[in-house]
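Source file: model15.cif. Holds: mmCIF, C-alpha atoms.
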```cif
data_input
#
loop_
_atom_site.group_PDB
_atom_site.id
_atom_site.type_symbol
_atom_site.label_atom_id
_atom_site.label_comp_id
_atom_site.auth_asym_id
_atom_site.auth_seq_id
_atom_site.Cartn_x
_atom_site.Cartn_y
_atom_site.Cartn_z
ATOM 1 C CA MET X 1 5.745 -6.558 -7.938
ATOM 2 C CA LYS X 2 8.206 -7.348 -10.674
ATOM 3 C CA PRO X 3 9.826 -10.791 -10.197
ATOM 4 C CA ILE X 4 13.264 -10.547 -8.581
ATOM 5 C CA ARG X 5 15.976 -12.805 -9.926
ATOM 6 C CA ARG X 6 17.748 -14.548 -7.026
ATOM 7 C CA ILE X 7 21.128 -16.166 -7.518
ATOM 8 C CA VAL X 8 22.548 -18.272 -4.678
ATOM 9 C CA THR X 9 26.155 -19.439 -4.455
ATOM 10 C CA GLY X 10 27.560 -22.356 -2.487
ATOM 11 C CA HIS X 11 30.156 -25.114 -2.639
ATOM 12 C CA ASP X 12 30.329 -28.494 -4.329
ATOM 13 C CA THR X 13 31.664 -31.634 -2.662
ATOM 14 C CA ALA X 14 35.215 -30.726 -3.728
ATOM 15 C CA GLY X 15 34.943 -27.318 -2.043
ATOM 16 C CA ASN X 16 34.707 -25.340 -5.282
ATOM 17 C CA SER X 17 32.400 -22.335 -5.417
ATOM 18 C CA VAL X 18 29.309 -22.988 -7.536
ATOM 19 C CA PHE X 19 25.985 -21.401 -8.435
ATOM 20 C CA LEU X 20 23.322 -23.406 -6.616
ATOM 21 C CA GLN X 21 20.198 -21.541 -7.703
ATOM 22 C CA ASP X 22 19.205 -19.054 -10.363
ATOM 23 C CA ASP X 23 15.482 -18.440 -10.178
ATOM 24 C CA ASN X 24 12.838 -15.871 -9.376
ATOM 25 C CA ALA X 25 12.041 -15.240 -5.731
ATOM 26 C CA SER X 26 8.388 -15.804 -4.873
ATOM 27 C CA PRO X 27 6.509 -12.728 -3.647
ATOM 28 C CA THR X 28 3.790 -13.120 -1.026
ATOM 29 C CA VAL X 29 1.010 -10.620 -0.310
ATOM 30 C CA THR X 30 0.421 -10.143 3.387
ATOM 31 C CA ARG X 31 -1.219 -7.314 5.345
ATOM 32 C CA GLY X 32 -1.697 -5.370 2.107
ATOM 33 C CA VAL X 33 1.994 -5.287 1.101
ATOM 34 C CA THR X 34 4.007 -7.555 -1.164
ATOM 35 C CA ILE X 35 6.981 -9.200 0.571
ATOM 36 C CA THR X 36 9.758 -10.973 -1.275
ATOM 37 C CA ASN X 37 12.172 -12.685 1.091
ATOM 38 C CA LEU X 38 15.433 -13.179 -0.755
ATOM 39 C CA TRP X 39 17.400 -15.136 1.842
ATOM 40 C CA GLN X 40 17.359 -16.134 5.495
ATOM 41 C CA SER X 41 19.921 -17.478 7.912
ATOM 42 C CA ALA X 42 19.179 -19.313 11.138
ATOM 43 C CA LYS X 43 22.060 -17.916 13.160
ATOM 44 C CA VAL X 44 25.048 -15.620 13.141
ATOM 45 C CA PRO X 45 27.742 -16.523 12.509
ATOM 46 C CA VAL X 46 26.153 -18.149 9.483
ATOM 47 C CA ASP X 47 26.790 -21.763 8.465
ATOM 48 C CA ASN X 48 27.329 -21.316 4.712
ATOM 49 C CA ALA X 49 27.111 -25.085 4.168
ATOM 50 C CA THR X 50 23.416 -25.123 5.136
ATOM 51 C CA ASP X 51 20.423 -23.707 3.225
ATOM 52 C CA TYR X 52 17.979 -22.314 5.791
ATOM 53 C CA PHE X 53 15.675 -20.567 3.351
ATOM 54 C CA ASP X 54 12.312 -22.269 2.907
ATOM 55 C CA GLY X 55 10.657 -19.609 0.703
ATOM 56 C CA SER X 56 8.244 -18.499 3.406
ATOM 57 C CA ALA X 57 7.284 -14.904 4.133
ATOM 58 C CA ALA X 58 8.029 -15.046 7.856
ATOM 59 C CA VAL X 59 7.891 -11.567 9.376
ATOM 60 C CA ALA X 60 10.785 -11.983 11.806
ATOM 61 C CA PRO X 61 14.063 -13.832 11.323
ATOM 62 C CA PRO X 62 14.802 -17.002 13.283
ATOM 63 C CA GLU X 63 16.410 -16.555 16.697
ATOM 64 C CA THR X 64 20.007 -15.329 16.099
ATOM 65 C CA GLY X 65 19.257 -15.248 12.346
ATOM 66 C CA ALA X 66 18.654 -12.729 9.585
ATOM 67 C CA ILE X 67 16.340 -12.055 6.635
ATOM 68 C CA PHE X 68 17.111 -10.205 3.382
ATOM 69 C CA ARG X 69 13.869 -8.978 1.781
ATOM 70 C CA LEU X 70 12.095 -6.551 -0.496
ATOM 71 C CA ILE X 71 8.753 -5.015 0.401
ATOM 72 C CA GLU X 72 6.555 -3.150 -2.043
ATOM 73 C CA PHE X 73 4.146 -0.773 -0.305
ATOM 74 C CA PRO X 74 1.166 0.321 -2.422
ATOM 75 C CA PRO X 75 -0.301 3.807 -1.936
ATOM 76 C CA SER X 76 -2.293 3.513 1.277
ATOM 77 C CA PRO X 77 -3.083 4.995 4.661
ATOM 78 C CA ALA X 78 -0.715 4.315 7.555
ATOM 79 C CA LYS X 79 -0.127 0.721 8.532
ATOM 80 C CA HIS X 80 -0.443 -0.441 12.126
ATOM 81 C CA MET X 81 2.203 0.542 14.667
ATOM 82 C CA HIS X 82 4.365 -2.418 15.610
ATOM 83 C CA ARG X 83 7.703 -3.336 17.150
ATOM 84 C CA THR X 84 9.934 -6.251 16.236
ATOM 85 C CA ALA X 85 12.907 -7.618 18.157
ATOM 86 C CA THR X 86 15.197 -6.867 15.212
ATOM 87 C CA LEU X 87 17.778 -4.444 13.929
ATOM 88 C CA ASP X 88 16.553 -3.419 10.467
ATOM 89 C CA TYR X 89 18.664 -1.885 7.713
ATOM 90 C CA VAL X 90 16.262 -0.265 5.253
ATOM 91 C CA LEU X 91 17.031 1.258 1.841
ATOM 92 C CA VAL X 92 14.437 2.928 -0.386
ATOM 93 C CA LEU X 93 14.989 1.599 -3.915
ATOM 94 C CA ASP X 94 12.100 3.395 -5.593
ATOM 95 C CA GLY X 95 9.373 5.842 -4.637
ATOM 96 C CA GLU X 96 8.942 7.435 -1.245
ATOM 97 C CA ILE X 97 7.439 6.443 2.096
ATOM 98 C CA TRP X 98 6.827 7.952 5.517
ATOM 99 C CA ALA X 99 8.515 6.284 8.495
ATOM 100 C CA ILE X 100 6.262 6.923 11.484
ATOM 101 C CA LEU X 101 7.462 6.610 15.092
ATOM 102 C CA ASP X 102 5.798 7.330 18.435
ATOM 103 C CA THR X 103 7.190 10.869 18.456
ATOM 104 C CA GLY X 104 7.341 11.906 14.813
ATOM 105 C CA GLU X 105 7.618 10.954 11.197
ATOM 106 C CA THR X 106 10.044 11.511 8.326
ATOM 107 C CA LEU X 107 9.733 11.155 4.575
ATOM 108 C CA LEU X 108 12.196 8.697 3.031
ATOM 109 C CA ARG X 109 12.961 9.052 -0.666
ATOM 110 C CA LYS X 110 14.829 6.944 -3.220
ATOM 111 C CA HIS X 111 18.282 5.937 -1.901
ATOM 112 C CA ASP X 112 17.560 7.096 1.672
ATOM 113 C CA ALA X 113 18.579 4.595 4.363
ATOM 114 C CA LEU X 114 16.984 3.993 7.755
ATOM 115 C CA ILE X 115 18.438 2.023 10.651
ATOM 116 C CA GLN X 116 15.419 0.836 12.674
ATOM 117 C CA ARG X 117 16.505 -0.350 16.132
ATOM 118 C CA GLY X 118 13.539 -2.173 17.614
ATOM 119 C CA THR X 119 11.368 0.961 17.802
ATOM 120 C CA MET X 120 7.591 1.151 17.516
ATOM 121 C CA HIS X 121 6.984 2.147 13.919
ATOM 122 C CA ALA X 122 4.624 2.149 10.957
ATOM 123 C CA TRP X 123 4.897 2.843 7.235
ATOM 124 C CA GLN X 124 2.687 5.118 5.125
ATOM 125 C CA ASN X 125 2.889 5.541 1.371
ATOM 126 C CA SER X 126 1.029 8.805 0.676
ATOM 127 C CA SER X 127 2.164 8.980 -2.945
ATOM 128 C CA ASP X 128 0.248 7.794 -5.995
ATOM 129 C CA ARG X 129 2.648 4.946 -6.872
ATOM 130 C CA PRO X 130 4.196 1.940 -5.092
ATOM 131 C CA SER X 131 7.332 2.278 -2.957
ATOM 132 C CA LEU X 132 9.991 -0.447 -3.075
ATOM 133 C CA LEU X 133 12.192 -0.945 -0.004
ATOM 134 C CA LEU X 134 15.078 -3.316 0.661
ATOM 135 C CA PHE X 135 15.322 -4.691 4.220
ATOM 136 C CA VAL X 136 17.929 -6.676 6.113
ATOM 137 C CA LEU X 137 16.476 -7.819 9.458
ATOM 138 C CA LEU X 138 18.821 -9.127 12.147
ATOM 139 C CA ASP X 139 17.513 -10.855 15.256
ATOM 140 C CA ALA X 140 18.036 -8.662 18.331
ATOM 141 C CA GLU X 141 17.397 -8.729 22.046
ATOM 142 C CA ALA X 142 13.786 -7.733 22.744
ATOM 143 C CA LEU X 143 13.332 -4.284 24.247
ATOM 144 C CA PRO X 144 10.999 -3.691 27.180
ATOM 145 C CA GLU X 145 7.563 -2.350 26.240
ATOM 146 C CA SER X 146 8.462 1.068 27.615
ATOM 147 C CA PRO X 147 11.980 2.471 27.523
ATOM 148 C CA PRO X 148 13.819 2.919 30.828
ATOM 149 C CA ASP X 149 13.955 6.396 32.400
ATOM 150 C CA LEU X 150 17.419 7.675 31.578
ATOM 151 C CA SER X 151 16.875 11.222 32.884
ATOM 152 C CA SER X 152 18.793 10.583 36.111
ATOM 153 C CA LEU X 153 21.928 9.361 34.347
ATOM 154 C CA PRO X 154 24.844 11.827 34.114
ATOM 155 C CA HIS X 155 25.445 13.301 30.672
ATOM 156 C CA PRO X 156 28.891 12.718 29.153
#
```

Once you've parsed the file, please lay out its structure as C-alpha coordinates.
Amino acid sequence: MKPIRRIVTGHDTAGNSVFLQDDNASPTVTRGVTITNLWQSAKVPVDNATDYFDGSAAVAPPETGAIFRLIEFPPSPAKHMHRTATLDYVLVLDGEIWAILDTGETLLRKHDALIQRGTMHAWQNSSDRPSLLLFVLLDAEALPESPPDLSSLPHP
(Lines of atoms letter the chains of each structure in order from A and count residues from 1; the text may use other names and numbers.)
(Lines give C-alpha, C1' and ligand atoms only; values in the text may rest on other atoms or scores of the structure.)
Protein backbone atom coordinates (compact mmCIF):
# COMPACT_ATOMS: atom_id res chain seq x y z
CA MET A 1 0.00 0.00 0.00
CA LYS A 2 1.17 3.49 -0.78
CA PRO A 3 2.30 5.36 2.37
CA ILE A 4 -0.41 7.67 3.72
CA ARG A 5 0.67 11.07 4.97
CA ARG A 6 -0.88 11.72 8.40
CA ILE A 7 -1.05 15.23 9.81
CA VAL A 8 -2.19 15.66 13.42
CA THR A 9 -3.19 18.98 14.97
CA GLY A 10 -3.25 19.93 18.64
CA HIS A 11 -2.58 22.80 21.02
CA ASP A 12 0.55 24.30 22.53
CA THR A 13 0.85 25.36 26.16
CA ALA A 14 -0.60 28.79 25.32
CA GLY A 15 -3.69 27.20 23.77
CA ASN A 16 -2.74 28.00 20.18
CA SER A 17 -3.51 25.46 17.47
CA VAL A 18 -0.38 23.75 16.17
CA PHE A 19 0.67 20.89 13.91
CA LEU A 20 1.93 18.13 16.19
CA GLN A 21 2.84 15.48 13.63
CA ASP A 22 3.44 15.27 9.91
CA ASP A 23 4.58 11.78 9.01
CA ASN A 24 3.62 8.62 7.19
CA ALA A 25 1.23 6.25 8.91
CA SER A 26 2.64 2.75 9.34
CA PRO A 27 0.76 -0.01 7.52
CA THR A 28 0.51 -3.46 9.08
CA VAL A 29 -0.28 -6.69 7.23
CA THR A 30 -2.70 -8.87 9.13
CA ARG A 31 -5.01 -11.68 7.99
CA GLY A 32 -3.93 -11.09 4.39
CA VAL A 33 -4.96 -7.41 4.23
CA THR A 34 -2.97 -4.24 4.81
CA ILE A 35 -4.37 -2.04 7.59
CA THR A 36 -3.30 1.54 8.17
CA ASN A 37 -4.82 2.98 11.33
CA LEU A 38 -4.76 6.75 11.01
CA TRP A 39 -6.07 7.75 14.43
CA GLN A 40 -7.78 6.34 17.50
CA SER A 41 -9.63 7.83 20.43
CA ALA A 42 -10.23 6.14 23.76
CA LYS A 43 -13.68 7.57 24.41
CA VAL A 44 -16.42 9.79 23.10
CA PRO A 45 -16.64 12.62 23.78
CA VAL A 46 -12.97 12.80 22.85
CA ASP A 47 -10.34 14.47 25.04
CA ASN A 48 -8.44 16.46 22.39
CA ALA A 49 -5.63 17.20 24.87
CA THR A 50 -4.60 13.52 24.97
CA ASP A 51 -2.94 11.43 22.25
CA TYR A 52 -4.38 7.91 22.46
CA PHE A 53 -2.89 6.59 19.25
CA ASP A 54 -0.06 4.11 19.77
CA GLY A 55 0.43 3.09 16.11
CA SER A 56 -0.94 -0.40 16.63
CA ALA A 57 -3.23 -2.23 14.22
CA ALA A 58 -5.87 -3.13 16.81
CA VAL A 59 -8.96 -4.55 15.12
CA ALA A 60 -11.54 -2.94 17.40
CA PRO A 61 -11.52 0.51 18.97
CA PRO A 62 -11.13 0.92 22.73
CA GLU A 63 -14.31 0.80 24.80
CA THR A 64 -16.28 4.02 24.02
CA GLY A 65 -13.59 4.94 21.46
CA ALA A 66 -13.12 5.11 17.71
CA ILE A 67 -10.62 4.19 14.98
CA PHE A 68 -10.02 5.92 11.63
CA ARG A 69 -8.33 3.50 9.20
CA LEU A 70 -7.60 2.45 5.66
CA ILE A 71 -7.66 -1.18 4.57
CA GLU A 72 -6.28 -2.43 1.28
CA PHE A 73 -7.83 -5.74 0.23
CA PRO A 74 -5.83 -7.68 -2.38
CA PRO A 75 -7.68 -9.84 -4.93
CA SER A 76 -8.69 -12.91 -2.96
CA PRO A 77 -11.44 -15.33 -2.05
CA ALA A 78 -13.92 -14.34 0.66
CA LYS A 79 -12.57 -13.57 4.09
CA HIS A 80 -14.01 -15.16 7.21
CA MET A 81 -17.43 -14.09 8.46
CA HIS A 82 -17.14 -12.02 11.62
CA ARG A 83 -19.03 -9.55 13.79
CA THR A 84 -17.60 -6.65 15.74
CA ALA A 85 -19.30 -4.58 18.44
CA THR A 86 -18.88 -1.44 16.33
CA LEU A 87 -20.71 0.94 14.06
CA ASP A 88 -18.58 1.15 10.90
CA TYR A 89 -18.70 3.90 8.30
CA VAL A 90 -17.07 2.52 5.16
CA LEU A 91 -16.16 4.37 1.95
CA VAL A 92 -14.63 2.72 -1.12
CA LEU A 93 -11.77 4.96 -2.27
CA ASP A 94 -10.53 2.78 -5.12
CA GLY A 95 -11.48 -0.50 -6.77
CA GLU A 96 -14.47 -2.62 -5.88
CA ILE A 97 -15.34 -5.19 -3.23
CA TRP A 98 -18.21 -7.47 -2.29
CA ALA A 99 -19.83 -6.93 1.12
CA ILE A 100 -21.16 -10.32 2.20
CA LEU A 101 -23.82 -10.74 4.91
CA ASP A 102 -25.69 -13.77 6.24
CA THR A 103 -28.53 -13.20 3.78
CA GLY A 104 -26.90 -11.71 0.70
CA GLU A 105 -24.10 -9.75 -0.84
CA THR A 106 -23.66 -6.48 -2.73
CA LEU A 107 -20.89 -5.09 -4.89
CA LEU A 108 -19.45 -1.80 -3.65
CA ARG A 109 -17.62 0.39 -6.15
CA LYS A 110 -15.48 3.52 -5.90
CA HIS A 111 -17.23 6.21 -3.79
CA ASP A 112 -19.93 3.83 -2.51
CA ALA A 113 -20.55 4.05 1.25
CA LEU A 114 -21.66 1.31 3.62
CA ILE A 115 -22.93 1.73 7.17
CA GLN A 116 -22.16 -1.59 8.91
CA ARG A 117 -24.12 -1.88 12.17
CA GLY A 118 -22.63 -4.80 14.06
CA THR A 119 -23.75 -7.38 11.48
CA MET A 120 -22.02 -10.64 10.60
CA HIS A 121 -20.06 -9.83 7.47
CA ALA A 122 -17.12 -10.66 5.24
CA TRP A 123 -15.27 -8.96 2.39
CA GLN A 124 -14.36 -10.44 -1.00
CA ASN A 125 -12.30 -8.74 -3.67
CA SER A 126 -13.07 -10.70 -6.86
CA SER A 127 -11.35 -8.18 -9.13
CA ASP A 128 -7.80 -8.36 -10.45
CA ARG A 129 -6.51 -5.33 -8.50
CA PRO A 130 -6.46 -4.16 -4.86
CA SER A 131 -9.43 -2.36 -3.30
CA LEU A 132 -8.82 0.55 -0.92
CA LEU A 133 -11.46 1.29 1.73
CA LEU A 134 -11.68 4.00 4.38
CA PHE A 135 -13.22 2.95 7.72
CA VAL A 136 -14.35 4.82 10.81
CA LEU A 137 -15.15 2.32 13.59
CA LEU A 138 -17.09 3.50 16.63
CA ASP A 139 -17.44 1.34 19.72
CA ALA A 140 -21.02 0.08 20.09
CA GLU A 141 -23.09 -2.05 22.41
CA ALA A 142 -22.57 -5.73 21.57
CA LEU A 143 -25.49 -7.42 19.84
CA PRO A 144 -26.72 -10.84 20.92
CA GLU A 145 -25.44 -13.73 18.80
CA SER A 146 -28.86 -14.16 17.21
CA PRO A 147 -31.23 -11.27 16.61
CA PRO A 148 -34.45 -11.13 18.64
CA ASP A 149 -37.69 -12.32 17.02
CA LEU A 150 -39.49 -9.14 16.04
CA SER A 151 -42.31 -10.84 14.10
CA SER A 152 -44.83 -10.40 16.92
CA LEU A 153 -44.32 -6.64 17.18
CA PRO A 154 -46.99 -4.42 15.59
CA HIS A 155 -45.97 -2.70 12.38
CA PRO A 156 -46.14 1.11 12.36

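Proximity ranking of X:Leu87, X:Met1, X:Val8, X:Leu38 relative to Leu114 of chain X places X:Leu87 first, based on only C-alpha atoms.
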
The PyMOL selection byres ((chain X and resi 96) around 8) on the file shown: which residues, as a list in words? Val92, Asp94, Gly95, Ile97, Trp98, Leu107, Leu108, Arg109, Lys110, Asn125, Ser127 and Ser131 of chain X

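Using only C-alpha atoms, the smallest distance between any of X:Val136, X:Ala78, X:Leu143, X:Val90 and Gln40 of chain X comes from X:Val136.
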
Test item: residues at most 10 Å from Arg31 of chain X, all atoms listed in the file, excluding those fewer than 3 positions along its chain, as a PyMOL selection string: chain X and resi 28+34-35+79-80

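Proximity to Glu105 of chain X at 10 Å, evaluated using all atoms listed in the file and with sequence-adjacent residues fewer than 2 positions away removed, yields Trp98, Ala99, Ile100, Leu101, Asp102, Thr103, Leu107, Leu108, His121, Ala122, Trp123 and Gln124 of chain X.
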
Long-range neighbours of Lys43 of chain X as a PyMOL selection string, 10 Å cut-off, only C-alpha atoms, 4 positions minimum in chain: chain X and resi 47+52+61-66+138-139

Name the residues captured by the PyMOL selection byres ((chain X and resi 20) around 10) when it is applied to the shown file; answer as a PyMOL selection string. chain X and resi 7-12+17-19+21-23

Calculated over only C-alpha atoms, which of the candidates X:Tyr89, X:Met81, X:Thr36, X:Thr13 has the smallest distance to Arg117 of chain X? X:Tyr89

Residue among X:Thr106, X:Leu134, X:Arg83, X:Ala57 lying closest to Val29 of chain X, counting all atoms listed in the file: X:Ala57

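The closest residue to Ile67 of chain X, picked from X:Asn37, X:Pro3, X:Thr86, X:Leu93 and counting only C-alpha atoms, is X:Asn37.
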
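Between atom CA of Pro75 of chain X and atom CA of Trp39 of chain X there is a distance of 26.2 Å.
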
Could you check how far atom CA of Phe135 of chain X sits from atom CA of Ala49 of chain X, in Å to one decimal? 23.6 Å

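Among X:Asp128, X:Asp88, X:Glu72, X:Glu141, the residue with the shortest atom-to-atom distance to Ala113 of chain X, counting all atoms listed in the file, is X:Asp88.
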
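Taking atom CA of Ala142 of chain X as the reference point, atom CA of Val59 of chain X is found at 15.1 Å.
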